[in-house]
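Student: Once you've had a glance at the structure underneath, I'll fire off some questions.
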Protein chains: 2
Amino acid sequence: MTFDQLKSYHSDRVDALCPGHPEIEHEGIEVTTGPLGQGVANAVGLAIATKNLQATYNKPDFDVVSNHTWCMIGDACLQEGVGLEAFSFAGHLKLNNLTVIYDNNQITCDGSVDLTNTEDINGKMRACGWDVIDVEDGCYDIEGLIAALEKARASTDKPTFINVRTVIGIGSAVAGQAVAHGAAFGKDDVANMKKMYGFNPEEHFVISEEVRNFFSSCVPKGQEHVAAWEKKVQEYESKYPELGAEFRRRREGKLPENWKELIPTSFPEKATATRASSGLVFNPIAAEANNFMVGTADLSPSVNMIWKGKVDFQHPDLKTTCGINGNYGGRYIHYGVREHAMAAISNGLAAYAPNTFVPVTSSFFMFYLYAAPAVRMGALQHLQVIHAATHDSIGMGEDGPTHQPIELAALYRAMPNLLYIRPGDSEETAGAWIAAIEAKNTSSIISTSRQTLPQLKQTSRDGVLKGAYVLEEDEDAEVTIIGVGAELSFAIDVAKELKATRNVKARVISFPCQRIFEQQSLEYKRDVLRKHRVPAVVIEPYAPNGWERYANAAISIKRFGHSLPGKAAYKYFGYEIGTMTTKIGDYLDKIKSDEILKQEFVDL
Amino acid sequence: MTFDQLKSYHSDRVDALCPGHPEIEHEGIEVTTGPLGQGVANAVGLAIATKNLQATYNKPDFDVVSNHTWCMIGDACLQEGVGLEAFSFAGHLKLNNLTVIYDNNQITCDGSVDLTNTEDINGKMRACGWDVIDVEDGCYDIEGLIAALEKARASTDKPTFINVRTVIGIGSAVAGQAVAHGAAFGKDDVANMKKMYGFNPEEHFVISEEVRNFFSSCVPKGQEHVAAWEKKVQEYESKYPELGAEFRRRREGKLPENWKELIPTSFPEKATATRASSGLVFNPIAAEANNFMVGTADLSPSVNMIWKGKVDFQHPDLKTTCGINGNYGGRYIHYGVREHAMAAISNGLAAYAPNTFVPVTSSFFMFYLYAAPAVRMGALQHLQVIHAATHDSIGMGEDGPTHQPIELAALYRAMPNLLYIRPGDSEETAGAWIAAIEAKNTSSIISTSRQTLPQLKQTSRDGVLKGAYVLEEDEDAEVTIIGVGAELSFAIDVAKELKATRNVKARVISFPCQRIFEQQSLEYKRDVLRKHRVPAVVIEPYAPNGWERYANAAISIKRFGHSLPGKAAYKYFGYEIGTMTTKIGDYLDKIKSDEILKQEFVDL
């Protein structure tokens, strides 16, 4: 980093390498930081990545993977839930290749930390399964710091927490105060600090010869390390050609070439829940392609992400009460009921090296609201993380409105660089996984149903790759019916019923992913939508926000759900074929004579 | 609850009192549960409510408030971040009126808890400042349980955690197994259990005379307690008429009658950030109306929620390093960097008794994504919780894309029973607070700017109460420009510039809240929007999702933000008056000759 770049901190330079928070786009930055607590979980993901690669590729004579993860945190990271979830999980996994260095200055924005947190943090970390090292004078005791770091790296079988007492803004006039966090010190104070430390207060951006020489000497050292490692890997590849080739493939961020062929070309005709379809599509890939690290927030029986022969990622010595054990070479992660940490740890896995790992998370769709800040950070960092979200829509009814994600699709359809895909049957679920797996710099949510769905003849995986496509065409149609995901068959049935009861011709389109559709050509989009020729009605038991772009009316839900068995819930909210047919038919009649209504978006 | 209602568990009865999860709408249910971990924080809120009322109203001779909060949790609540944040905070506050009873069966959906969590939970709770009581045999040791509960109620100066070892599905064939959690036992197993416990397996929904008598005897006991308490309150009101009247007002969920008059009728004309406007509007109300419990997730210096003379809610013995102390009568809560718990604790405060407390939270808008699951639970439970969210839009630029909430408004505009309000200046901020305070069964987010904004002559607080209103009318207008919140002045300036440079007449509407607007009459909505007469363009640096209902085109942002100082960020994303004017002018020209484009939603 040049002086010029250093000067760009908080500047209006668009190409600044020193923005307010470190960003992954810039060389040498492992993950983007900013939202507190995420980094703890990211670090756990990085440490898991190392453990898994070591277990998979290292040989007694070849430690081709040997890095240690160091994570610097502040007081706030110890307050945020996502950090606390990650600490607990890292202790469980005994990640002894992870060291968290706690910059314990006891200051946050509001004042001293004891305004809000007076717990025994060392005791808490020990209870979570961490080794704790204290550094009493983190400001001046350099040798103590070095000793702590050395000890942490040599840790036995636990992650290490180094509690380093520091003083924020040390040397400044506001040392030890909250204002030292966010506000600039001011010229005079900086000048005083420089004087105190023996610098010339009139000189700016100066580095002494001694320091410059030290850092310059790091460059050849680094180059030597790289050369030595590359030589080692070359020898490894000679001695273990198969593993070596695979290790190379992984480092290049590639999947086995045949991954797409592992997906069934056809599916059973019987009604199938798309959460089951997800298993049919993805399990064969997960079994073969060891880039995938698949996890669940305690919903293994519901999300169907377990492939035949899966091995859990666990400390090899762990013996669980239920008898499901594993080792660090395993690629199935029981995250516990920690949705937020699951997604943030997955970001760390993905950030280890581009596409070397492709993390998959799984939970009920509703609980991706718990995980949302981390899902966002994955999308923001262009990380490929795939979230298998089941129990979408209102078909999981019995669990009630707390589990019915009425407004959640609106969030994820608006979130940049994220594909929110709702497949309608197994064939579309194949398309959804292909889209997510091919999106190497983008996160995805594959949103599936709890309840069984009919398998449709008109669906196509290639159609999903265009975001929306025509299922049933009719050049004389008076209406386009947009079907989505679990309710896709409703669109087809309503079209039939419109013809049968009102002699109204309808075309039907399947619309699994808005963002993919937006990426298509204007010509394709207009050809599919034809909004300028016939009105379109979307059927989806979610808040309609965003569908107004593609439809003229919606059979949607603008209130919270209701606790009822799936079928009863659909009925309660008016998603019966007859009811929907009447609504759409009446709407079409009305707009014939009401020019204003015709130009408004209508909730049916 | 009748047998008939008990039978409604998971049934398709719309009026079931036994839905999948307890719901606040039904008598005797304190809070709606379902999403794990929320309940821990709700319980902390309930306990804070008690402490605050006690400190405010109890007298040495009158304990008019004396309840204890009991909270039952499972293994998962100890894994979720929101629970962990709340535990830590409750320990800090020394809430000795709170007891958490941990149903420690060591089973979650995936299997035994030791798959994912092997920490020393008692040690962790002690480190968090809790007393811990063990009950080794929670299945059969009734006396041990009672002793633990008695001890907890008499706890010294800490909240109490009772760790009760239990067996899930005890007595059934699947006792101690994960399947006992979600699946029905089946007829045979239930019959066996009944036999084992001495019941007739052929009889269903039977309660013995002995049990029935015991519970029947509870009714008069309860009535006696109520009568005794009412008598006590009556005497209290005689002895302390002023306090008594206030206590009654609070119990009736009323604010002081003059609350609206406390809001300034006019504001300084100088440019003011709406986060500062929020303080000008709300601080005088908070000072007077002690229903308000105001908190912040460590952003006191940024959110302007501190009123003159505010007292912190803290344990009275706490002596902080920074010297800001308080007592249980205080109404300003430093939540620490715990956004999620802040919102969930606020739900508990609000659930204590309807509108007795009106909790206010505050943080940057972006961090309401951390809090989102709890904000949702507040809205779902019809709780009045007001979230003062600052640093919205892209004006906080330097903090970068992690802090720029591009897609977050889409979530909150779609969330049922929540008012997401973006005021444009101080006058509109007054309207936003009035709307939020008058919405007694609805949660609100008041979304304000970091940067200063011009004070507009055309704005009106009454306009905000209609969701959208006309700022500048022109019967011959060719376009409606929709301005929102921090960018409202842009709409006015662009309208001027359109006239000056292109001789295009524009009308301007201010649109602070979509949900309030939706509640207006069709006539009013059509009169404001006039979408059938002239095209509308919305200006907002957020994802446009949802604006398609009201506008034909948007100057919006469909990618993540960029780290730049506020003004530079606006420029970078094309929010300069000239640029916007050109975009809108060109758009109007284009649609004159392009009938298809005219009917599509266009991103400018």
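Here's how to read the names in the structure tokens: chain A, B, ... by the order shown, residue numbers from 1 in each chain, ligand numbers from 1 in the order shown.
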Could you name the residues that touch stretch 518-533 of chain A at 9 Å or less, counting only C-alpha atoms, but leaving out those on the same chain fewer than 2 positions away, as a PyMOL selection string?
Tutor: (chain A and resi 466-470+478-480+509+513-516+535-536+550-552) or (chain B and resi 595-600)
Student: If you run DSSP on the backbone here, which positions in stretch 490-580 of chain B get strand (DSSP E or B)? Please write them as a PDB file with all heavy atoms, in the first residue's frame.
Tutor:
```
ATOM      1  N   ALA B 506     -43.668  19.837 -13.534  1.00  0.00           N
ATOM      2  CA  ALA B 506     -43.718  18.643 -12.702  1.00  0.00           C
ATOM      3  C   ALA B 506     -44.481  18.927 -11.425  1.00  0.00           C
ATOM      4  O   ALA B 506     -44.417  20.030 -10.884  1.00  0.00           O
ATOM      5  CB  ALA B 506     -42.301  18.185 -12.369  1.00  0.00           C
ATOM      6  N   ARG B 507     -45.225  17.959 -10.963  1.00  0.00           N
ATOM      7  CA  ARG B 507     -45.793  18.039  -9.616  1.00  0.00           C
ATOM      8  C   ARG B 507     -44.896  17.206  -8.699  1.00  0.00           C
ATOM      9  O   ARG B 507     -44.227  16.269  -9.142  1.00  0.00           O
ATOM     10  CB  ARG B 507     -47.251  17.586  -9.572  1.00  0.00           C
ATOM     11  CG  ARG B 507     -47.549  16.294 -10.263  1.00  0.00           C
ATOM     12  CD  ARG B 507     -49.046  16.115 -10.582  1.00  0.00           C
ATOM     13  NE  ARG B 507     -49.873  16.106  -9.404  1.00  0.00           N
ATOM     14  CZ  ARG B 507     -50.098  15.029  -8.636  1.00  0.00           C
ATOM     15  NH1 ARG B 507     -49.552  13.854  -8.940  1.00  0.00           N
ATOM     16  NH2 ARG B 507     -50.869  15.115  -7.591  1.00  0.00           N
ATOM     17  N   VAL B 508     -44.878  17.543  -7.447  1.00  0.00           N
ATOM     18  CA  VAL B 508     -43.991  16.859  -6.510  1.00  0.00           C
ATOM     19  C   VAL B 508     -44.817  16.315  -5.348  1.00  0.00           C
ATOM     20  O   VAL B 508     -45.629  17.042  -4.765  1.00  0.00           O
ATOM     21  CB  VAL B 508     -42.907  17.819  -5.958  1.00  0.00           C
ATOM     22  CG1 VAL B 508     -42.012  17.086  -4.957  1.00  0.00           C
ATOM     23  CG2 VAL B 508     -42.083  18.394  -7.101  1.00  0.00           C
ATOM     24  N   ILE B 509     -44.633  15.053  -5.038  1.00  0.00           N
ATOM     25  CA  ILE B 509     -45.276  14.541  -3.832  1.00  0.00           C
ATOM     26  C   ILE B 509     -44.227  13.997  -2.863  1.00  0.00           C
ATOM     27  O   ILE B 509     -43.174  13.518  -3.269  1.00  0.00           O
ATOM     28  CB  ILE B 509     -46.378  13.488  -4.131  1.00  0.00           C
ATOM     29  CG1 ILE B 509     -45.819  12.204  -4.695  1.00  0.00           C
ATOM     30  CG2 ILE B 509     -47.418  14.043  -5.087  1.00  0.00           C
ATOM     31  CD1 ILE B 509     -46.901  11.195  -5.006  1.00  0.00           C
ATOM     32  N   SER B 510     -44.552  14.142  -1.598  1.00  0.00           N
ATOM     33  CA  SER B 510     -43.695  13.579  -0.557  1.00  0.00           C
ATOM     34  C   SER B 510     -44.338  12.266  -0.129  1.00  0.00           C
ATOM     35  O   SER B 510     -45.546  12.195   0.082  1.00  0.00           O
ATOM     36  CB  SER B 510     -43.619  14.541   0.628  1.00  0.00           C
ATOM     37  OG  SER B 510     -42.947  13.905   1.698  1.00  0.00           O
ATOM     38  N   ALA B 536     -45.149   8.843 -13.112  1.00  0.00           N
ATOM     39  CA  ALA B 536     -44.491   9.229 -11.870  1.00  0.00           C
ATOM     40  C   ALA B 536     -43.098   8.621 -11.810  1.00  0.00           C
ATOM     41  O   ALA B 536     -42.887   7.482 -12.228  1.00  0.00           O
ATOM     42  CB  ALA B 536     -45.315   8.777 -10.669  1.00  0.00           C
ATOM     43  N   VAL B 537     -42.160   9.412 -11.300  1.00  0.00           N
ATOM     44  CA  VAL B 537     -40.784   8.928 -11.120  1.00  0.00           C
ATOM     45  C   VAL B 537     -40.422   9.076  -9.640  1.00  0.00           C
ATOM     46  O   VAL B 537     -40.603  10.154  -9.067  1.00  0.00           O
ATOM     47  CB  VAL B 537     -39.780   9.726 -11.975  1.00  0.00           C
ATOM     48  CG1 VAL B 537     -38.362   9.206 -11.765  1.00  0.00           C
ATOM     49  CG2 VAL B 537     -40.162   9.678 -13.449  1.00  0.00           C
ATOM     50  N   VAL B 538     -39.934   7.998  -9.041  1.00  0.00           N
ATOM     51  CA  VAL B 538     -39.542   8.066  -7.648  1.00  0.00           C
ATOM     52  C   VAL B 538     -38.023   8.215  -7.549  1.00  0.00           C
ATOM     53  O   VAL B 538     -37.277   7.606  -8.324  1.00  0.00           O
ATOM     54  CB  VAL B 538     -40.030   6.830  -6.855  1.00  0.00           C
ATOM     55  CG1 VAL B 538     -39.419   5.547  -7.392  1.00  0.00           C
ATOM     56  CG2 VAL B 538     -39.721   6.971  -5.361  1.00  0.00           C
ATOM     57  N   ILE B 539     -37.593   9.043  -6.613  1.00  0.00           N
ATOM     58  CA  ILE B 539     -36.159   9.239  -6.360  1.00  0.00           C
ATOM     59  C   ILE B 539     -35.844   8.669  -4.987  1.00  0.00           C
ATOM     60  O   ILE B 539     -36.319   9.178  -3.971  1.00  0.00           O
ATOM     61  CB  ILE B 539     -35.799  10.745  -6.395  1.00  0.00           C
ATOM     62  CG1 ILE B 539     -36.040  11.314  -7.798  1.00  0.00           C
ATOM     63  CG2 ILE B 539     -34.341  10.953  -5.958  1.00  0.00           C
ATOM     64  CD1 ILE B 539     -35.860  12.836  -7.874  1.00  0.00           C
ATOM     65  N   ALA B 553     -41.260   4.865 -13.037  1.00  0.00           N
ATOM     66  CA  ALA B 553     -39.812   4.778 -13.210  1.00  0.00           C
ATOM     67  C   ALA B 553     -39.153   5.172 -11.893  1.00  0.00           C
ATOM     68  O   ALA B 553     -39.792   5.801 -11.042  1.00  0.00           O
ATOM     69  CB  ALA B 553     -39.351   5.718 -14.327  1.00  0.00           C
ATOM     70  N   ALA B 554     -37.900   4.763 -11.748  1.00  0.00           N
ATOM     71  CA  ALA B 554     -37.212   5.043 -10.495  1.00  0.00           C
ATOM     72  C   ALA B 554     -35.767   5.428 -10.735  1.00  0.00           C
ATOM     73  O   ALA B 554     -35.099   4.863 -11.603  1.00  0.00           O
ATOM     74  CB  ALA B 554     -37.252   3.817  -9.588  1.00  0.00           C
ATOM     75  N   ILE B 555     -35.314   6.400  -9.965  1.00  0.00           N
ATOM     76  CA  ILE B 555     -33.876   6.648  -9.865  1.00  0.00           C
ATOM     77  C   ILE B 555     -33.475   5.989  -8.546  1.00  0.00           C
ATOM     78  O   ILE B 555     -33.597   6.560  -7.468  1.00  0.00           O
ATOM     79  CB  ILE B 555     -33.566   8.154  -9.890  1.00  0.00           C
ATOM     80  CG1 ILE B 555     -34.048   8.740 -11.221  1.00  0.00           C
ATOM     81  CG2 ILE B 555     -32.064   8.384  -9.692  1.00  0.00           C
ATOM     82  CD1 ILE B 555     -33.808  10.227 -11.379  1.00  0.00           C
TER      83      ILE B 555
END
```
Student: Skipping near chain neighbours, those fewer than 6 positions away, what residues fall within 10 Å of A:Thr452 using only C-alpha atoms, listed as number ranges by chain?
Tutor: A: 270-277, 395, 425, 486
Student: Output N, CA, C and O atoms for every residue in the selection just made, as a PDB file, in the first residue's frame.
Tutor:
```pdb
ATOM      1  N   LYS A 270     -44.462 -38.932  -9.085  1.00  0.00           N
ATOM      2  CA  LYS A 270     -45.336 -38.719  -7.916  1.00  0.00           C
ATOM      3  C   LYS A 270     -45.095 -37.351  -7.269  1.00  0.00           C
ATOM      4  O   LYS A 270     -44.001 -36.777  -7.389  1.00  0.00           O
ATOM      5  N   ALA A 271     -46.136 -36.870  -6.620  1.00  0.00           N
ATOM      6  CA  ALA A 271     -46.035 -35.580  -5.951  1.00  0.00           C
ATOM      7  C   ALA A 271     -44.851 -35.591  -4.979  1.00  0.00           C
ATOM      8  O   ALA A 271     -44.658 -36.544  -4.228  1.00  0.00           O
ATOM      9  N   THR A 272     -44.057 -34.546  -5.042  1.00  0.00           N
ATOM     10  CA  THR A 272     -42.815 -34.473  -4.271  1.00  0.00           C
ATOM     11  C   THR A 272     -42.676 -33.062  -3.710  1.00  0.00           C
ATOM     12  O   THR A 272     -42.918 -32.089  -4.418  1.00  0.00           O
ATOM     13  N   ALA A 273     -42.294 -32.972  -2.463  1.00  0.00           N
ATOM     14  CA  ALA A 273     -41.991 -31.643  -1.912  1.00  0.00           C
ATOM     15  C   ALA A 273     -40.686 -31.160  -2.540  1.00  0.00           C
ATOM     16  O   ALA A 273     -39.763 -31.962  -2.741  1.00  0.00           O
ATOM     17  N   THR A 274     -40.596 -29.872  -2.855  1.00  0.00           N
ATOM     18  CA  THR A 274     -39.340 -29.409  -3.463  1.00  0.00           C
ATOM     19  C   THR A 274     -38.167 -29.504  -2.484  1.00  0.00           C
ATOM     20  O   THR A 274     -37.018 -29.575  -2.907  1.00  0.00           O
ATOM     21  N   ARG A 275     -38.438 -29.552  -1.174  1.00  0.00           N
ATOM     22  CA  ARG A 275     -37.312 -29.783  -0.254  1.00  0.00           C
ATOM     23  C   ARG A 275     -36.747 -31.193  -0.480  1.00  0.00           C
ATOM     24  O   ARG A 275     -35.545 -31.421  -0.335  1.00  0.00           O
ATOM     25  N   ALA A 276     -37.624 -32.143  -0.865  1.00  0.00           N
ATOM     26  CA  ALA A 276     -37.142 -33.483  -1.209  1.00  0.00           C
ATOM     27  C   ALA A 276     -36.458 -33.454  -2.574  1.00  0.00           C
ATOM     28  O   ALA A 276     -35.414 -34.098  -2.780  1.00  0.00           O
ATOM     29  N   SER A 277     -37.032 -32.686  -3.497  1.00  0.00           N
ATOM     30  CA  SER A 277     -36.396 -32.544  -4.815  1.00  0.00           C
ATOM     31  C   SER A 277     -34.964 -32.038  -4.660  1.00  0.00           C
ATOM     32  O   SER A 277     -34.052 -32.481  -5.367  1.00  0.00           O
ATOM     33  N   GLY A 395     -47.245 -23.241   3.308  1.00  0.00           N
ATOM     34  CA  GLY A 395     -47.586 -24.664   3.356  1.00  0.00           C
ATOM     35  C   GLY A 395     -47.164 -25.371   4.627  1.00  0.00           C
ATOM     36  O   GLY A 395     -47.575 -26.498   4.890  1.00  0.00           O
ATOM     37  N   ASP A 425     -41.164 -27.502  -9.018  1.00  0.00           N
ATOM     38  CA  ASP A 425     -41.181 -28.962  -8.927  1.00  0.00           C
ATOM     39  C   ASP A 425     -39.744 -29.477  -9.011  1.00  0.00           C
ATOM     40  O   ASP A 425     -38.800 -28.675  -8.978  1.00  0.00           O
ATOM     41  N   ALA A 486     -43.853 -23.066  -5.094  1.00  0.00           N
ATOM     42  CA  ALA A 486     -44.803 -24.055  -4.574  1.00  0.00           C
ATOM     43  C   ALA A 486     -46.208 -23.863  -5.122  1.00  0.00           C
ATOM     44  O   ALA A 486     -47.006 -24.798  -5.102  1.00  0.00           O
TER      45      ALA A 486
END
```
Student: Find the residue from A:Ser278, A:Ser362, A:Asn117, A:Gln455 that sits nearest to chain B; use only C-alpha atoms when measuring.
Tutor: A:Asn117
Student: For chain B, which of A:Pro401, A:Gly485, A:Pro268, A:Pro541 is the closest residue, counting only C-alpha atoms?
Tutor: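 With only C-alpha atoms as the atom set, the closest residue is A:Pro401.
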Student: Considering only C-alpha atoms, can you say which of B:Ser112, B:His92, B:Phe247, B:Asn200 comes closest to A:Asn325?
Tutor: B:Ser112
Student: Grab the atom CA of B:Arg126 to atom CA of B:Gly74 distance for me, in Å with one decimal place.
Tutor: 18.1 Å
Student: Which residue, A:Asn105, A:Asn52, A:Thr156, A:Thr320, has the smallest gap to chain B when you use only C-alpha atoms?
Tutor: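 Selected residue with least distance to chain B: A:Thr320.
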Student: Name the residues of stretch 149-365 of chain B that come out as helix (DSSP H, G or I) in a backbone DSSP run; write them as JSON, numbers by chain.
Tutor: {"B": [149, 150, 151, 152, 153, 179, 180, 181, 182, 187, 188, 189, 190, 191, 192, 193, 194, 195, 196, 209, 210, 211, 212, 213, 214, 215, 216, 217, 218, 219, 220, 221, 222, 223, 224, 225, 226, 227, 228, 229, 230, 231, 232, 233, 234, 235, 236, 237, 238, 239, 241, 242, 243, 244, 245, 246, 247, 248, 249, 250, 251, 259, 260, 261, 262, 274, 275, 276, 277, 278, 279, 280, 281, 282, 283, 284, 285, 286, 287, 288, 300, 301, 302, 303, 339, 340, 341, 342, 343, 344, 345, 346, 347, 348, 349, 350, 351, 365]}
Student: With a distance cut-off of 12 Å and only C-alpha atoms, select the neighbouring residues of A:His334, excluding the residue or stretch itself and same-chain residues fewer than 4 positions from it, and output the selection as a PyMOL selection string.
Tutor: (chain A and resi 89+92-93+293-301+305-306+311-314+324-326+330+338-339+341-342+360-363) or (chain B and resi 108-117)
Student: Might you pull out every residue within 10 Å of A:Pro544, with only C-alpha atoms counted and same-chain residues fewer than 2 positions away left off, and present them as a list of chain:residue names?
Tutor: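 Skipping anything fewer than 2 positions along the chain leaves A:Ile406, A:Glu407, A:Ala409, A:Ala410, A:Val538, A:Ile539, A:Glu540, A:Pro541, A:Tyr542, A:Gly546, A:Trp547, A:Glu548, A:Ala551, A:Ala553, A:Ala554, A:Ile555, A:Ser556, A:Ile557, A:Lys558, A:Asp603, B:Ala414, B:Asn545, B:Gly546, B:Arg549.
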Student: I want to know what sits within 6 Å of stretch 97-102 of chain B, based on only C-alpha atoms, with residues of the same chain fewer than 6 positions away left out; could you give that as a list in words?
Tutor: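 Using only C-alpha atoms, the neighbours found are Ala47, His68, Thr69, Trp70, Cys71, Met72, Ile73, Gly74, Pro159, Thr160, Phe161, Ile162, Asn163 and Val164 of chain B.
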Student: I need the residue nearest A:Ser443 from this list: A:Thr582, A:Gln177, A:Ser155, A:Asn417. Use only C-alpha atoms for the distance.
Tutor: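 So, comparing all the options, the nearest one is A:Asn417.
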Student: Measuring between only C-alpha atoms, which one of B:Ala379, B:Val190, B:Leu145, B:Ile170 shows the shortest distance to chain A?
Tutor: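 Nearest to chain A: B:Ala379.
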Student: Any idea what's packed within 10 Å of B:Lys567, counting only C-alpha atoms, ignoring anything in its chain fewer than 5 positions away? Could you give it as a list in words?
Tutor: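 In the requested format, the answer is Asp12 of chain A; Ile394, Gly395, Met396, Gly397, Glu398, Gln451, Tyr572, Tyr575 and Glu576 of chain B.
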Student: Tell me, in Å to one decimal, how far atom CA of B:Ile207 is from atom CA of B:Val174.
Tutor: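 Straight-line distance from atom CA of B:Ile207 to atom CA of B:Val174 works out to 24.5 Å.
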